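**Student:** Have a look at this one before I ask anything.
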Amino acid sequence: SVDISTLMRQTGHTTLDYGFVNTSATKSAITFIDGDKGILRYRGYPIEQLAKHSTYLEVAWLLIYGELPTADELAEFDNRIRRHTLLHEDLKRFFSALPHTAHPMSVLSAATAALSTYYERESDPNNPEHVELNTIRMLAKLPVIAAYAHKKSVGQAFLYPDNSLSFVDNFLKLNFGVLSEIYDVDPVMTRALERLLILHEDHEQNASTSTVRLVGSTGANQFSSISAGINALYGPLHGGANEAVLEMLGRIRDSGEGVRRFVERVKNKEDGVKLMGFGHRVYKNYDPRAKLVKESADEVLEALGVSDPLLDLAKELETIALEDDYFKERRLYPNVDFYTGVIYKAMGFPTRMFTVLFAIGRLPGWLAHWREMQQDPQTKIGRPQQLYTGAVERNYPGQG
Ligand code: ACO
């Protein structure tokens, strides 16, 4: 067996840090988290204040440029984004090459990577004009791609963006509008989605953002870096948890096993079953985003006139888990994904779109980190080290 400390001495490495639990890969001035106290701030502003008073695009500006925009700056930003929403007609045809059964997250990442092919000649990470233009393009086009991934999965025609509408209303219309019908904007839906998107906009060096930074550190452009981030977000331990939570709630309801029995199975780690939407690498207290989402869930379902027994089931699960020693000892609390799915479902999104919505939310954070990294003179290509534990030198058969 290999002695790890000997290997570390031989290589001169100071840490072996699976999962980067103790390793800072960068400095960053974008987002502050205190996981013990349950605090989250974007550029110093508490998430609670932003979620209540701001908009998705205002927070996007804040994350990307460091300060809140003036009214004129925000209007100009909004206008530029509205002018870039169209997808090239060839790119729209790209969707028909993918099976209608494809998961919308796979479609989202494939089409985002494909965007790069349209703008390669204007994608120099060292050219500020290119960076600015592609920031706008990503913010404008990712929601359209996301909505087309949705429409494709339900077999409906793609709509053209309606640039007379706000960012969120345009997105809702692209998802729920039908060609021949007039689409009525619903302010309850607008505000509910805007709030959820704001809560997802950044979360410092999470797995998908670290992926965007790692890929970007090689000199790859925004489209390539962000499509890699989308793939990292897809996993059930990260953004895919919002979909997994709703599936878990549905399974508990349909099996009739009861919440207590399910929690016992989680505690016994039967078949590796986890309480999805619980636990976090950084938060060892209630995730402040989950607190806000939980408040929204009641308000939004009531305003939309929806009652969903899965929301009651989720609350029952939370109560039982928070009183249980297994969860207390490990400091496991609901994370942002625990209640979001119930709201998305009430809004009419299919379960497989939940992580796509997370990606739209997270996009400004990915862009802000990609840009911060490019501007930092200390940035180097990301290149983790390893401790080699394989075979020592040996000869190919017949060679000595
Ligand atoms: N259900 C049951 N047990 C859990 C859970 C959970 N959701 N989360 C952690 N644990 C247990 C682990 O089994 C481990 O127990 P042990 O000490 O007996 O071995 C202990 O708590 C510590 O957990 P780790 O896996 O070491 O914690 P880590 O920081 O590596 O993982 C993670 C964090 C991935 C979020 C984990 O809590 C998890 O898998 N949660 C469920 C998936 C989820 O909700 N992901 C969304 C995260 S938020 C986001 O990405 C937006």
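Ligands are numbered from 1 in the order shown, chains are lettered A, B, ... in the order of the structure tokens, and residues start at 1 in each chain.
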Kindly compile the residues surrounding ligand 1 within 8 Å, counting only C-alpha atoms and all ligand atoms, and format them as a ChimeraX atom specification.

**Tutor:** /A:19,21,206-207,233,236-242,245,266-267,269,273-282,327,330-332,334-338

**Student:** Grab the residues selected above and save them as a PDB file, in the first residue's frame with C-alpha atoms.

**Tutor:**
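Final file, part-v8.pdb:
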```
ATOM      1  CA  GLY A  19     -13.120  17.984  -3.242  1.00  0.00           C
ATOM      2  CA  VAL A  21     -12.474  21.346   0.998  1.00  0.00           C
ATOM      3  CA  ASN A 206     -19.243  26.315  -6.434  1.00  0.00           C
ATOM      4  CA  ALA A 207     -18.583  23.379  -8.778  1.00  0.00           C
ATOM      5  CA  LEU A 233     -24.439  22.184 -12.919  1.00  0.00           C
ATOM      6  CA  PRO A 236     -27.659  15.811  -8.975  1.00  0.00           C
ATOM      7  CA  LEU A 237     -25.204  16.832  -6.253  1.00  0.00           C
ATOM      8  CA  HIS A 238     -25.208  20.387  -7.654  1.00  0.00           C
ATOM      9  CA  GLY A 239     -27.970  22.107  -9.694  1.00  0.00           C
ATOM     10  CA  GLY A 240     -29.607  18.828 -10.657  1.00  0.00           C
ATOM     11  CA  ALA A 241     -30.730  18.521  -7.031  1.00  0.00           C
ATOM     12  CA  ASN A 242     -33.814  20.694  -7.652  1.00  0.00           C
ATOM     13  CA  VAL A 245     -35.986  16.792  -4.886  1.00  0.00           C
ATOM     14  CA  VAL A 266     -31.543   7.990   4.500  1.00  0.00           C
ATOM     15  CA  LYS A 267     -29.941   7.679   7.944  1.00  0.00           C
ATOM     16  CA  LYS A 269     -27.642   5.062   3.917  1.00  0.00           C
ATOM     17  CA  VAL A 273     -30.263   7.207  -0.664  1.00  0.00           C
ATOM     18  CA  LYS A 274     -29.892  10.868   0.395  1.00  0.00           C
ATOM     19  CA  LEU A 275     -32.295  13.549   1.450  1.00  0.00           C
ATOM     20  CA  MET A 276     -31.977  15.593  -1.721  1.00  0.00           C
ATOM     21  CA  GLY A 277     -32.053  19.366  -1.232  1.00  0.00           C
ATOM     22  CA  PHE A 278     -30.363  18.967   2.154  1.00  0.00           C
ATOM     23  CA  GLY A 279     -26.757  19.625   3.085  1.00  0.00           C
ATOM     24  CA  HIS A 280     -24.184  21.972   1.666  1.00  0.00           C
ATOM     25  CA  ARG A 281     -20.416  22.133   1.456  1.00  0.00           C
ATOM     26  CA  VAL A 282     -20.359  25.693   2.769  1.00  0.00           C
ATOM     27  CA  PHE A 327     -28.975  15.737  10.547  1.00  0.00           C
ATOM     28  CA  ARG A 330     -23.818  16.644  10.505  1.00  0.00           C
ATOM     29  CA  ARG A 331     -25.295  20.158  10.391  1.00  0.00           C
ATOM     30  CA  LEU A 332     -27.508  19.338   7.421  1.00  0.00           C
ATOM     31  CA  PRO A 334     -32.341  22.576   3.527  1.00  0.00           C
ATOM     32  CA  ASN A 335     -30.372  24.141   0.679  1.00  0.00           C
ATOM     33  CA  VAL A 336     -31.653  26.393  -2.128  1.00  0.00           C
ATOM     34  CA  ASP A 337     -32.911  23.410  -4.117  1.00  0.00           C
ATOM     35  CA  PHE A 338     -35.269  22.036  -1.465  1.00  0.00           C
TER      36      PHE A 338
END
```

**Student:** Please provide the set of residues having any atom within 12 Å of Tyr234 (chain A), restricted to only C-alpha atoms, with same-chain residues fewer than 4 positions apart removed, written as a PyMOL selection string.

**Tutor:** chain A and resi 103-109+207-208+227-230+238-244+352-359

**Student:** Just asking: which residues within region 220-341 of chain A are alpha helix (DSSP H) according to DSSP, as a ChimeraX atom specification?

**Tutor:** /A:222-234,241-255,259-267,288-303,309-322,325-329,337-341

**Student:** For CA of Leu172 (chain A) and CA of Val185 (chain A), quote the distance in Å rounded to one decimal.

**Tutor:**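 Straight-line distance from CA of Leu172 (chain A) to CA of Val185 (chain A) works out to 8.1 Å.
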
**Student:** Of the candidates A:Ala102, A:Leu87, A:Ala157, A:Ala192, which one gets nearest to Gly177 (chain A) if we count only C-alpha atoms?

**Tutor:**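 Closest to Gly177 (chain A), using only C-alpha atoms: A:Ala157.
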
**Student:** From the list A:Ala110, A:Ser224, A:Arg9, A:Arg80, which residue is nearest Thr211 (chain A) when using only C-alpha atoms?

**Tutor:**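 Ranked by minimum distance to Thr211 (chain A), first place goes to A:Ser224.
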
**Student:** With only C-alpha atoms as the counted atoms, please give the residues lying no more than 10 Å from Val154 (chain A), apart from itself and same-chain residues fewer than 5 positions off, as a ChimeraX atom specification.

**Tutor:** /A:100-101,148-149,350

**Student:** Have a look at A:Thr209, A:Thr23, A:Asn268, A:Gln399 and name the one nearest to His369 (chain A); count only C-alpha atoms.

**Tutor:**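 Closest to His369 (chain A), using only C-alpha atoms: A:Thr209.
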
**Student:** Residues near Gly258 (chain A), anyone? I mean within 12 Å using only C-alpha atoms, not counting same-chain ones fewer than 6 positions away, as a list in words.

**Tutor:**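 Those residues are Leu249, Gly250, Arg251, Ile252, Glu264, Arg265, Leu313, Ala314, Glu316, Leu317 and Ile320 of chain A.
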
**Student:** Which of these residues is nearest to Ser210 (chain A), using only C-alpha atoms: A:Tyr160, A:Leu387, A:Leu367, A:Asp34?

**Tutor:**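 That would be A:Leu367, the residue with the smallest distance to Ser210 (chain A).
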
**Student:** Taking 3 positions as the minimum chain separation for residues in the same chain, which residues sit within 12 Å of Pro46 (chain A) when counting only C-alpha atoms? Answer as a PyMOL selection string.

**Tutor:** chain A and resi 31-34+38-43+49-54+59+198-199+288-289

**Student:** For the residues in that selection, give me C-alpha atoms as a short mmCIF file (atom, residue, chain, number, x, y, z; two decimals), in the first residue's frame.

**Tutor:**
```cif
data_model
loop_
_atom_site.label_atom_id
_atom_site.label_comp_id
_atom_site.auth_asym_id
_atom_site.auth_seq_id
_atom_site.Cartn_x
_atom_site.Cartn_y
_atom_site.Cartn_z
CA THR A 31 -19.70 37.13 -3.43
CA PHE A 32 -19.32 36.71 0.32
CA ILE A 33 -20.63 33.67 2.20
CA ASP A 34 -20.47 32.95 5.91
CA GLY A 38 -25.98 31.59 6.96
CA ILE A 39 -24.98 34.88 5.32
CA LEU A 40 -24.85 35.53 1.58
CA ARG A 41 -23.97 38.90 0.01
CA TYR A 42 -23.38 39.91 -3.61
CA ARG A 43 -20.78 42.69 -3.77
CA GLN A 49 -32.46 43.02 0.22
CA LEU A 50 -31.63 42.21 -3.38
CA ALA A 51 -34.30 39.51 -3.61
CA LYS A 52 -36.90 41.95 -2.33
CA HIS A 53 -36.02 45.15 -4.13
CA SER A 54 -33.94 44.36 -7.21
CA VAL A 59 -28.19 42.14 -10.01
CA ILE A 198 -31.84 36.57 -8.27
CA LEU A 199 -31.30 34.02 -5.50
CA PRO A 288 -30.38 31.94 3.51
CA ARG A 289 -31.69 31.33 -0.01
#
```

**Student:** Closest to Thr340 (chain A) among A:Glu372, A:Glu132, A:Asp298, A:Glu323, using only C-alpha atoms?

**Tutor:**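 Nearest to Thr340 (chain A): A:Asp298.
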